[in-house]
Structure formats: structure tokens, C-alpha cells
Amino acid sequence: MSTVEIEVKLTGTGDELSAAFGDLGGGRPARQRLLTTYYDTPEGHLRRRGYALRIRSRDGARELTLKRDEGDGLTRGEWTSPLPPAARDDGAPRLDQLPAEAPVGDLGIANADALNPTFLTDIERTKKEVRTGDALIEASLDTGRISAGERETPVAELELELLSGPVGDLLAGARELLAERRLAIGTRSKAARGTDLLLGTSPPAVRAARAKLDPADSIDGALAKVVRAASVHVTGNLAPVLEAGDPEGIHQLRVSLRRLRSALLFLKPHLGSRADALNREARRALKRLGPARDLDVFLLETLPAVSDANPGASSLPRLRDAARERRDAAHASARKLILGRRFNRFVLDLLQVAHLGGLVARDSGETLVETARDRLAGRYRSLMKTGRGFEHLTEPERHRVRIALKKLRYACDYSRTLFPGPAVATCLRHLSSLQDDLGRLNDAAVARQISRELAAADPTAADGAARVRDWSDERVRSAEPGLIESWRTFVAAEPFW
């Protein structure tokens with residue numbers, strides 16, 4: 001049997017999960033013990049392609065399942081077939097036992113005999129069917145463990161799987177639980193967690209997925225594609241921040257929110273209050289995440305360069321220690337944000353728009369290409385106006401140029417598939433180069449600000465802060481000729497639209 005599984009996973013303490021399960025109502029729950037073995041090749045053919053293969057035993061029956069996570073925190077491809085009882089010497093899967101429509105050819109396995117057991121899950125599941133609006137949902141409360149060799153990690157989660165009815169009603173039901181209970185959206189499957197346990201790795205940061213717009217798309221349909229790409233980007237970077245404190249996860253999460261805001265502002269004349277609400281929440285999250293990102297750059301990029309330029313400077317280690325204390329507090333604030341009710345409701349709202357659209361309140365009657373051309377021209381004019389006399393602009397004025405440039409770059413990236421031809425790639429290359437140059441200018445300004453704040457709080461760090469300011473000033477001076485050249489190159493290029 002093959003299907004697309006639509007499911008919301010919620011995580012929290014055992015007490016909160018049990019209470020939420022009870023809040024759902026429904027009939028008498030059933031209990032099962034699920035023993036599952038996952039398989040892959042020693043080279044990890046399946047995991048590298050986003051698949052998981054497992055044999056699950058429950059109530060004396062066995063089934064073989066191939067899963068593919070779509071990465072949006074909501075949908076998964078699933079192909080399942082029953083298996084005969086295992087013989088004593090042969091419990092391993094055969095790929096020809098999967099349903100005929102399973103994408104076996106995509107797995108990259110020439111010899112199925114290479115499949116080996118990788119990790120196990122032992123789960124006590126309590127489940128029941130409940131109604132939320134017009135949706136029929138299977139609610140499963142899972143507790144247990146994942147084991148890989150001598151390593152183990154606990155499992156505690158509430159899964160809400162849509163059996164029938166509207167996706168929106170499933171999401172609305174999850175939203176009600178988040179309003180009442182201290183829960184968070186779980187973005188990691190048991191397979192993904194088991195793989196990290198097996199390899200001793202942490203969830204990696206996820207880069208932006210590109211939305212592929214079609215000239216035949218409606219404005220609402222195109223925006224839903226962009227929001228879907230943003231939701232994949234957002235949800236993919238929650239675990240790297242929560243579980244690993246990954247600086248790149250913080251960075252990519254901020255990029256995902258900026259890209260989302262850029263898209264909402266790009267089509268603002270067509271949008272209503274729902275889009276305004278998403279934009280506000282994304283802006284709030286960006287503000288909360290900003291200090292963590294700034295301090296990561298300061299510690300990982302700026303201070304090492306300053307130390308190389310000032311060998312033996314005894315004041316820099318004190319500055320570094322003070323920055324680490326502030327960075328740790330900023331990361332704790334970021335985790336608190338991600339686990340908070342408000343942010344999790346925002347993520348559910350993103351998923352709803354990604355799958356159902358509905359943000360467009362005013363349709364001008366223009367085609368998507370006409371709308372994109374008009375809005376790109378507006379973004380371009382705004383950038384040219386902000387950057388007029390670029391060579392003589394002050395640092396704050398160039399910061400405003402950087403913001404306008406990012407808005408245009410994201411809009412071009414979204415719209416690139418609507419305008420075929422090499423001019424798109426050329427424009428994006430110029431935009432990217434200029435954004436990098438302006439980004440370095442901004443990093444220098446932020447480094448000066450952080451060093452001043454650290455020195456004000458701890459006078460023993462004052463000498464180190466002065467060295468950071470001197471290094472930043474010199475970096476800005478040396479970068480000036482290249483920055484001017486990047487701006488001139490961009491201005492000379494013909495817009496592709």
C-alpha cells in the first residue's frame with residue numbers, strides 16, 4: 001500500500017503530552033507495543049537520499065515500510081506491505097516485498113543483500129481516533145526509546161495523523177493543543193533521530209529550497225509555493241538550534257524568516273490581514289534571534305581575525321570570555337523563542353498557508369509574470385533611489401542600501417523561473433557579490449557595537465575592544481575600492497525583467 005502521510009508531531013514533557021492526549025477526547029484508547037528495526041547499507045544509501053526502510057512488529061504481525069520525509073514538517077511518502085512471520089535466520093527485508101509503486105529505483109542500491117540493521121525503536125503506543133472539525137485524526141501517544149548499539153535516547157511525542165478530512169482542521173486541532181499545553185512542534189522523525197544516534201552526529205543546518213514558480217500559477221498559488229519553501233527552511237533549522245546550538249542553524253533560521261518576510265512584502269498590495277500577522281511574527285522572531293547570530297559572527301569570525309592581527313594581545317581572551325557569556329544567554333533566548341507557544345502557532349500557520357494558500361485578498365487581474373515584473377521594477381527603483389551617490393554615502397545609509405538590496409535579491413530569486421534566459425543568473429550573481437560586500441561592512445559595524453557594549457560592562461575588556469574597533473575600521477577602509485566596484489558593476493547590468 002502507498003500513501004502520503006499527513007501528520008503533526010508534538011513534543012514536550014510526559015505529563016503535558018498525556019494531558020494533551022486527554023484533551024482530544026474520543027473513545028477508549030488502544031495500546032500497542034511497536035518493535036521496529038531500521039535498515040540501510042554501510043554507506044548509507046537510503047539516508048543520503050532521504051529514505052528510511054524499516055520492519056515493524058506489533059501484535060504478532062510484521063510489516064515492511066519505506067518512508068520519504070518531504071522536509072516540510074507535515075507530509076511524508078509511505079509505502080507499506082505486510083510480511084510473513086520471520087524465520088529464525090531471516091528477518092531482513094527484501095526490496096521486492098515493497099509495493100510495486102514504491103520508488104525502489106531511487107534508493108541507489110544494486111544489491112539488496114547489502115542492507116543491514118542500523119538501529120531499533122521500542123515504543124509503547126496509546127492511540128485513538130478523534131474528530132477535530134471535519135477531520136478524522138488518529139492520535140498516538142508514543143513513549144519509549146531509540147537504541148543504536150550501546151547508545152540510547154528517549155522518545156516522548158504525540159502524533160496527530162490525518163485519516164480523512166481537511167488538512168486545515170488537523171492544523172487547527174494542533175493549534176488548540178498548543179494554546180493550552182506547553183508543547184512544541186516536533187520536526188524530527190524517529191528515523192532521523194536514530195540515524196544521528198547511530199552516527200554520533202547532530203542534525204545539520206538546512207539551506208533554502210528554491211521555489212519553482214510557473215507563469216500559469218495564480219498569485220495565491222505562487223505565494224503558497226514560496227511559503228512552502230520557507231516552511232521547509234524554517235522547520236529544518238529548529239532541531240539544529242534546539243539540539244546542537246548550531247550557529248549555522250541560527251543563521252539559516254534567520255535567513256528563512258527574512259526570505260518569508262521579503263515574499264510577503266513583495267506581494268503586499270494583494271494580501272490581507274493573515275499575511276500581516278505572519279509578517280509580524282516573523283519580524284518578532286528575527287529580532288529575538290538577532291543577538292545570537294551577531295555574537296556567533298563576533299566569536300567565530302571577527303575575534304579570530306583580530307587575534308591573528310594582534311598576536312599575543314593579552315586583553316583579547318577576556319573580551320572573548322565576556323562575549324561567550326553573552327552569546328550563551330542569546331542562544332538560550334533563541335531556544336526559549338522556538339519552544340514558545342507563539343512561535344509554534346506561527347509555524348502551524350505557515351504550514352497551513354503552504355498547503356492551502358489563501359493569503360491573497362485582492363487580485364488585480366494581472367498574470368503572475370506581469371505582477372512579478374511590476375513588483376521587481378518597484379524594488380529596483382527603491383534600491384537605485386536608496387543607493388544614489390553610493391560612493392559618498394555614510395555607513396548607516398549604506399546599511400539601508402543593504403536592506404533594499406536583500407529585498408530585491410530575494411524577489412529575483414523567487415521570480416527567476418518566470419523569466420528564462422542567462423540575464424537572470426548574471427543579475428543574481430551581481431546581487432550576491434554586492435550583498436556579500438555590504439554584509440562585511442555590516443559585520444564590522446556590529447563588531448564595533450558589540451565590543452563597545454562588552455567594554456562598558458567590563459572595563460578589563462576595554463583594550464581588546466579598542467583592538468576590535470581598529471581592526472574593523474581598517475577592514476572597512478581596505479574593502480572600500482572593491483565595494484565601489486561591485487556597486488558600479490551591478491548598476492551597469494541590465495535588469496532581466
# chains A, B, ... in the order shown; residues from 1 in each chain; ligands from 1
>>> residues_around(residues="Ala208 of chain A", least_positions_apart="2", cutoff="8 Å", atoms="only C-alpha atoms", output="number ranges by chain")
A: 206, 210, 229-230, 232-233, 252, 256
>>> write_last_selection(atoms="N, CA and C atoms", output="PDB file, in the first residue's frame")
ATOM      1  N   VAL A 206      19.942  23.467   7.541  1.00  0.00           N
ATOM      2  CA  VAL A 206      19.339  23.275   6.221  1.00  0.00           C
ATOM      3  C   VAL A 206      19.338  24.592   5.470  1.00  0.00           C
ATOM      4  N   ARG A 210      14.607  26.167  -3.252  1.00  0.00           N
ATOM      5  CA  ARG A 210      14.153  27.136  -4.235  1.00  0.00           C
ATOM      6  C   ARG A 210      12.732  26.828  -4.676  1.00  0.00           C
ATOM      7  N   ALA A 229       8.345  26.655   0.599  1.00  0.00           N
ATOM      8  CA  ALA A 229       9.809  26.612   0.647  1.00  0.00           C
ATOM      9  C   ALA A 229      10.316  27.230   1.948  1.00  0.00           C
ATOM     10  N   ALA A 230       9.671  28.312   2.369  1.00  0.00           N
ATOM     11  CA  ALA A 230      10.071  28.949   3.627  1.00  0.00           C
ATOM     12  C   ALA A 230       9.790  28.042   4.816  1.00  0.00           C
ATOM     13  N   VAL A 232       9.745  24.770   4.859  1.00  0.00           N
ATOM     14  CA  VAL A 232      10.772  23.722   4.857  1.00  0.00           C
ATOM     15  C   VAL A 232      12.062  24.261   5.473  1.00  0.00           C
ATOM     16  N   HIS A 233      12.398  25.485   5.107  1.00  0.00           N
ATOM     17  CA  HIS A 233      13.619  26.119   5.611  1.00  0.00           C
ATOM     18  C   HIS A 233      13.521  26.374   7.117  1.00  0.00           C
ATOM     19  N   GLN A 252      20.673  30.139   9.364  1.00  0.00           N
ATOM     20  CA  GLN A 252      19.716  29.708   8.349  1.00  0.00           C
ATOM     21  C   GLN A 252      18.275  29.954   8.779  1.00  0.00           C
ATOM     22  N   SER A 256      15.682  32.115   6.629  1.00  0.00           N
ATOM     23  CA  SER A 256      14.351  31.625   6.237  1.00  0.00           C
ATOM     24  C   SER A 256      13.270  32.644   6.574  1.00  0.00           C
TER      25      SER A 256
END
>>> select_by_dssp(residues="segment 302-333 of chain A", states="alpha helix (DSSP H)", output="short mmCIF file (atom, residue, chain, number, x, y, z; two decimals) with C-alpha atoms, in the first residue's frame")
data_model
loop_
_atom_site.label_atom_id
_atom_site.label_comp_id
_atom_site.auth_asym_id
_atom_site.auth_seq_id
_atom_site.Cartn_x
_atom_site.Cartn_y
_atom_site.Cartn_z
CA LEU A 303 37.79 37.73 17.06
CA PRO A 304 39.96 35.07 15.35
CA ALA A 305 40.86 37.62 12.65
CA VAL A 306 41.59 40.30 15.26
CA SER A 307 43.74 37.82 17.22
CA ASP A 308 45.73 37.00 14.08
CA ALA A 309 46.33 40.73 13.55
CA SER A 315 43.27 41.60 26.52
CA LEU A 316 41.55 39.65 23.74
CA PRO A 317 40.91 36.44 25.76
CA ARG A 318 39.00 38.49 28.35
CA LEU A 319 36.92 40.05 25.59
CA ARG A 320 36.26 36.59 24.17
CA ASP A 321 35.14 35.24 27.56
CA ALA A 322 32.74 38.15 28.02
CA ALA A 323 31.36 37.61 24.51
CA ARG A 324 30.85 33.90 25.19
CA GLU A 325 28.79 34.62 28.28
CA ARG A 326 26.59 36.98 26.30
CA ARG A 327 26.41 34.51 23.38
CA ASP A 328 25.28 31.69 25.65
CA ALA A 329 22.49 33.88 27.03
CA ALA A 330 21.45 34.85 23.50
CA HIS A 331 21.29 31.20 22.42
CA ALA A 332 19.18 30.39 25.48
CA SER A 333 16.81 33.17 24.44
#
>>> atom_distance(atom1="atom CA of Glu16 of chain A", atom2="atom CA of Arg182 of chain A")
6.5 Å
>>> residues_around(residues="Ala92 of chain A", least_positions_apart="2", cutoff="8 Å", atoms="only C-alpha atoms", output="ChimeraX atom specification")
/A:90,94,115-117
>>> residues_around(residues="Ala404 of chain A", least_positions_apart="2", cutoff="9 Å", atoms="only C-alpha atoms", output="list in words")
Arg379, Tyr380, Ser382, Leu383, Thr386, Gly387, His399, Arg400, Val401, Arg402, Lys406, Lys407, Leu408 and Arg409 of chain A
>>> atom_distance(atom1="atom CA of Glu395 of chain A", atom2="atom CA of Arg258 of chain A")
21.7 Å
>>> residues_around(residues="Leu265 of chain A", least_positions_apart="2", cutoff="12 Å", atoms="only C-alpha atoms", output="PyMOL selection string")
chain A and resi 223+258-263+267-272+275-276+278-280+282-283+375-376+378-379+404+407-408+410-411
>>> write_last_selection(atoms="N, CA and C atoms", output="mmCIF file, in the first residue's frame")
data_model
loop_
_atom_site.group_PDB
_atom_site.id
_atom_site.type_symbol
_atom_site.label_atom_id
_atom_site.label_comp_id
_atom_site.auth_asym_id
_atom_site.auth_seq_id
_atom_site.Cartn_x
_atom_site.Cartn_y
_atom_site.Cartn_z
ATOM 1 N N LEU A 223 2.455 32.232 -4.257
ATOM 2 C CA LEU A 223 2.848 32.593 -2.896
ATOM 3 C C LEU A 223 2.847 31.371 -1.986
ATOM 4 N N ARG A 258 13.723 35.940 6.958
ATOM 5 C CA ARG A 258 13.892 37.114 6.099
ATOM 6 C C ARG A 258 13.329 36.858 4.710
ATOM 7 N N ARG A 259 13.562 35.674 4.177
ATOM 8 C CA ARG A 259 13.030 35.340 2.852
ATOM 9 C C ARG A 259 11.498 35.336 2.876
ATOM 10 N N LEU A 260 10.935 34.819 3.941
ATOM 11 C CA LEU A 260 9.478 34.828 4.065
ATOM 12 C C LEU A 260 8.955 36.254 4.097
ATOM 13 N N ARG A 261 9.532 37.094 4.939
ATOM 14 C CA ARG A 261 9.077 38.479 5.037
ATOM 15 C C ARG A 261 9.229 39.194 3.696
ATOM 16 N N SER A 262 10.319 38.915 3.001
ATOM 17 C CA SER A 262 10.532 39.544 1.702
ATOM 18 C C SER A 262 9.413 39.183 0.732
ATOM 19 N N ALA A 263 9.008 37.919 0.728
ATOM 20 C CA ALA A 263 7.933 37.492 -0.171
ATOM 21 C C ALA A 263 6.605 38.144 0.199
ATOM 22 N N LEU A 267 4.519 41.042 -2.305
ATOM 23 C CA LEU A 267 3.148 40.965 -2.812
ATOM 24 C C LEU A 267 2.148 41.653 -1.888
ATOM 25 N N LYS A 268 2.623 42.521 -1.044
ATOM 26 C CA LYS A 268 1.778 43.164 -0.035
ATOM 27 C C LYS A 268 0.508 43.796 -0.610
ATOM 28 N N PRO A 269 0.540 44.460 -1.781
ATOM 29 C CA PRO A 269 -0.698 45.068 -2.287
ATOM 30 C C PRO A 269 -1.838 44.075 -2.509
ATOM 31 N N HIS A 270 -1.498 42.790 -2.641
ATOM 32 C CA HIS A 270 -2.517 41.778 -2.907
ATOM 33 C C HIS A 270 -2.973 41.046 -1.644
ATOM 34 N N LEU A 271 -2.327 41.307 -0.515
ATOM 35 C CA LEU A 271 -2.522 40.462 0.662
ATOM 36 C C LEU A 271 -3.354 41.154 1.726
ATOM 37 N N GLY A 272 -3.887 40.312 2.649
ATOM 38 C CA GLY A 272 -4.749 40.813 3.707
ATOM 39 C C GLY A 272 -4.153 40.630 5.084
ATOM 40 N N ALA A 275 -1.650 37.658 6.100
ATOM 41 C CA ALA A 275 -0.257 37.873 5.724
ATOM 42 C C ALA A 275 0.414 38.862 6.669
ATOM 43 N N ASP A 276 -0.333 39.895 7.067
ATOM 44 C CA ASP A 276 0.217 40.860 8.024
ATOM 45 C C ASP A 276 0.605 40.173 9.329
ATOM 46 N N LEU A 278 1.453 36.962 9.773
ATOM 47 C CA LEU A 278 2.655 36.160 9.554
ATOM 48 C C LEU A 278 3.894 37.044 9.524
ATOM 49 N N ASN A 279 3.772 38.178 8.865
ATOM 50 C CA ASN A 279 4.904 39.089 8.768
ATOM 51 C C ASN A 279 5.317 39.597 10.148
ATOM 52 N N ARG A 280 4.346 39.940 10.978
ATOM 53 C CA ARG A 280 4.654 40.424 12.329
ATOM 54 C C ARG A 280 5.381 39.356 13.144
ATOM 55 N N ALA A 282 7.133 36.781 12.034
ATOM 56 C CA ALA A 282 8.477 36.561 11.500
ATOM 57 C C ALA A 282 9.418 37.674 11.944
ATOM 58 N N ARG A 283 8.916 38.907 11.947
ATOM 59 C CA ARG A 283 9.732 40.040 12.376
ATOM 60 C C ARG A 283 10.092 39.908 13.863
ATOM 61 N N ARG A 375 6.434 44.394 -9.659
ATOM 62 C CA ARG A 375 6.978 44.471 -8.315
ATOM 63 C C ARG A 375 8.517 44.486 -8.329
ATOM 64 N N LEU A 376 9.135 43.738 -9.250
ATOM 65 C CA LEU A 376 10.591 43.771 -9.371
ATOM 66 C C LEU A 376 11.071 45.167 -9.760
ATOM 67 N N GLY A 378 9.605 47.922 -9.089
ATOM 68 C CA GLY A 378 9.471 48.763 -7.907
ATOM 69 C C GLY A 378 10.610 48.563 -6.925
ATOM 70 N N ARG A 379 10.981 47.300 -6.698
ATOM 71 C CA ARG A 379 12.102 47.006 -5.812
ATOM 72 C C ARG A 379 13.403 47.622 -6.358
ATOM 73 N N ALA A 404 17.642 47.191 1.200
ATOM 74 C CA ALA A 404 16.917 47.259 -0.071
ATOM 75 C C ALA A 404 17.459 46.233 -1.059
ATOM 76 N N LYS A 407 16.115 42.718 -0.279
ATOM 77 C CA LYS A 407 14.726 42.570 -0.715
ATOM 78 C C LYS A 407 14.661 42.292 -2.206
ATOM 79 N N LEU A 408 15.478 43.004 -2.992
ATOM 80 C CA LEU A 408 15.488 42.769 -4.434
ATOM 81 C C LEU A 408 16.065 41.399 -4.755
ATOM 82 N N TYR A 410 16.099 38.589 -2.949
ATOM 83 C CA TYR A 410 15.153 37.522 -2.652
ATOM 84 C C TYR A 410 14.021 37.505 -3.673
ATOM 85 N N ALA A 411 13.537 38.694 -4.068
ATOM 86 C CA ALA A 411 12.457 38.762 -5.057
ATOM 87 C C ALA A 411 12.917 38.198 -6.394
#
>>> closest_residue(among="A:Ser451, A:Ser218, A:Ser231, A:Thr37", to="Gln352 of chain A", atoms="only C-alpha atoms")
A:Ser231
>>> residues_around(residues="Leu183 of chain A", least_positions_apart="4", cutoff="9 Å", atoms="only C-alpha atoms", output="PyMOL selection string")
chain A and resi 10-13+16-17+20+177-179+339-341+344
>>> residues_around(residues="segment 481-488 of chain A", least_positions_apart="5", cutoff="7 Å", atoms="only C-alpha atoms", output="NGL selection string")
:A and (391 or 433-434 or 437)
>>> closest_residue(among="A:Ala479, A:Val8, A:Leu66, A:Ala192", to="Glu138 of chain A", atoms="only C-alpha atoms")
A:Val8
>>> atom_distance(atom1="atom CA of Leu213 of chain A", atom2="atom CA of Tyr414 of chain A")
7.5 Å
>>> closest_atom_pairs(of="segment 381-486 of chain A", to="segment 353-370 of chain A", cutoff="9 Å", atoms="only C-alpha atoms", output="JSON lines")
{"residue": "A:Ser415", "atom": "CA", "partner": "A:Val369", "partner_atom": "CA", "distance": 8.4}
{"residue": "A:Leu418", "atom": "CA", "partner": "A:Val369", "partner_atom": "CA", "distance": 6.3}
{"residue": "A:Phe419", "atom": "CA", "partner": "A:Val369", "partner_atom": "CA", "distance": 8.1}
>>> closest_residue(among="A:Tyr39, A:Ser147, A:Phe119, A:Ala425", to="Leu95 of chain A", atoms="only C-alpha atoms")
A:Tyr39
>>> decode(residues="segment 117-131 of chain A", atoms="N, CA and C atoms", output="mmCIF file, in the first residue's frame")
data_model
loop_
_atom_site.group_PDB
_atom_site.id
_atom_site.type_symbol
_atom_site.label_atom_id
_atom_site.label_comp_id
_atom_site.auth_asym_id
_atom_site.auth_seq_id
_atom_site.Cartn_x
_atom_site.Cartn_y
_atom_site.Cartn_z
ATOM 1 N N PRO A 117 20.792 -4.122 9.611
ATOM 2 C CA PRO A 117 20.096 -3.386 10.669
ATOM 3 C C PRO A 117 20.989 -2.271 11.205
ATOM 4 N N THR A 118 20.396 -1.107 11.450
ATOM 5 C CA THR A 118 21.173 0.051 11.895
ATOM 6 C C THR A 118 20.805 0.494 13.310
ATOM 7 N N PHE A 119 19.521 0.619 13.592
ATOM 8 C CA PHE A 119 19.088 0.985 14.939
ATOM 9 C C PHE A 119 17.687 0.461 15.164
ATOM 10 N N LEU A 120 17.250 0.499 16.432
ATOM 11 C CA LEU A 120 15.969 -0.079 16.837
ATOM 12 C C LEU A 120 15.152 0.969 17.576
ATOM 13 N N THR A 121 13.824 0.818 17.499
ATOM 14 C CA THR A 121 12.950 1.598 18.378
ATOM 15 C C THR A 121 12.015 0.632 19.103
ATOM 16 N N ASP A 122 11.792 0.929 20.375
ATOM 17 C CA ASP A 122 10.884 0.141 21.214
ATOM 18 C C ASP A 122 9.897 1.137 21.812
ATOM 19 N N ILE A 123 8.664 1.122 21.294
ATOM 20 C CA ILE A 123 7.693 2.168 21.594
ATOM 21 C C ILE A 123 6.422 1.568 22.178
ATOM 22 N N GLU A 124 5.955 2.156 23.264
ATOM 23 C CA GLU A 124 4.614 1.885 23.775
ATOM 24 C C GLU A 124 3.680 2.955 23.207
ATOM 25 N N ARG A 125 2.747 2.536 22.386
ATOM 26 C CA ARG A 125 1.845 3.472 21.714
ATOM 27 C C ARG A 125 0.428 3.345 22.271
ATOM 28 N N THR A 126 -0.133 4.475 22.639
ATOM 29 C CA THR A 126 -1.543 4.556 23.028
ATOM 30 C C THR A 126 -2.236 5.402 21.974
ATOM 31 N N LYS A 127 -3.253 4.845 21.306
ATOM 32 C CA LYS A 127 -3.839 5.571 20.186
ATOM 33 C C LYS A 127 -5.360 5.524 20.230
ATOM 34 N N LYS A 128 -5.937 6.502 19.565
ATOM 35 C CA LYS A 128 -7.391 6.577 19.450
ATOM 36 C C LYS A 128 -7.726 7.464 18.259
ATOM 37 N N GLU A 129 -8.958 7.330 17.786
ATOM 38 C CA GLU A 129 -9.434 8.198 16.709
ATOM 39 C C GLU A 129 -10.271 9.315 17.313
ATOM 40 N N VAL A 130 -10.049 10.530 16.830
ATOM 41 C CA VAL A 130 -10.768 11.694 17.348
ATOM 42 C C VAL A 130 -11.214 12.556 16.167
ATOM 43 N N ARG A 131 -12.191 13.397 16.430
ATOM 44 C CA ARG A 131 -12.682 14.350 15.438
ATOM 45 C C ARG A 131 -12.240 15.760 15.826
#
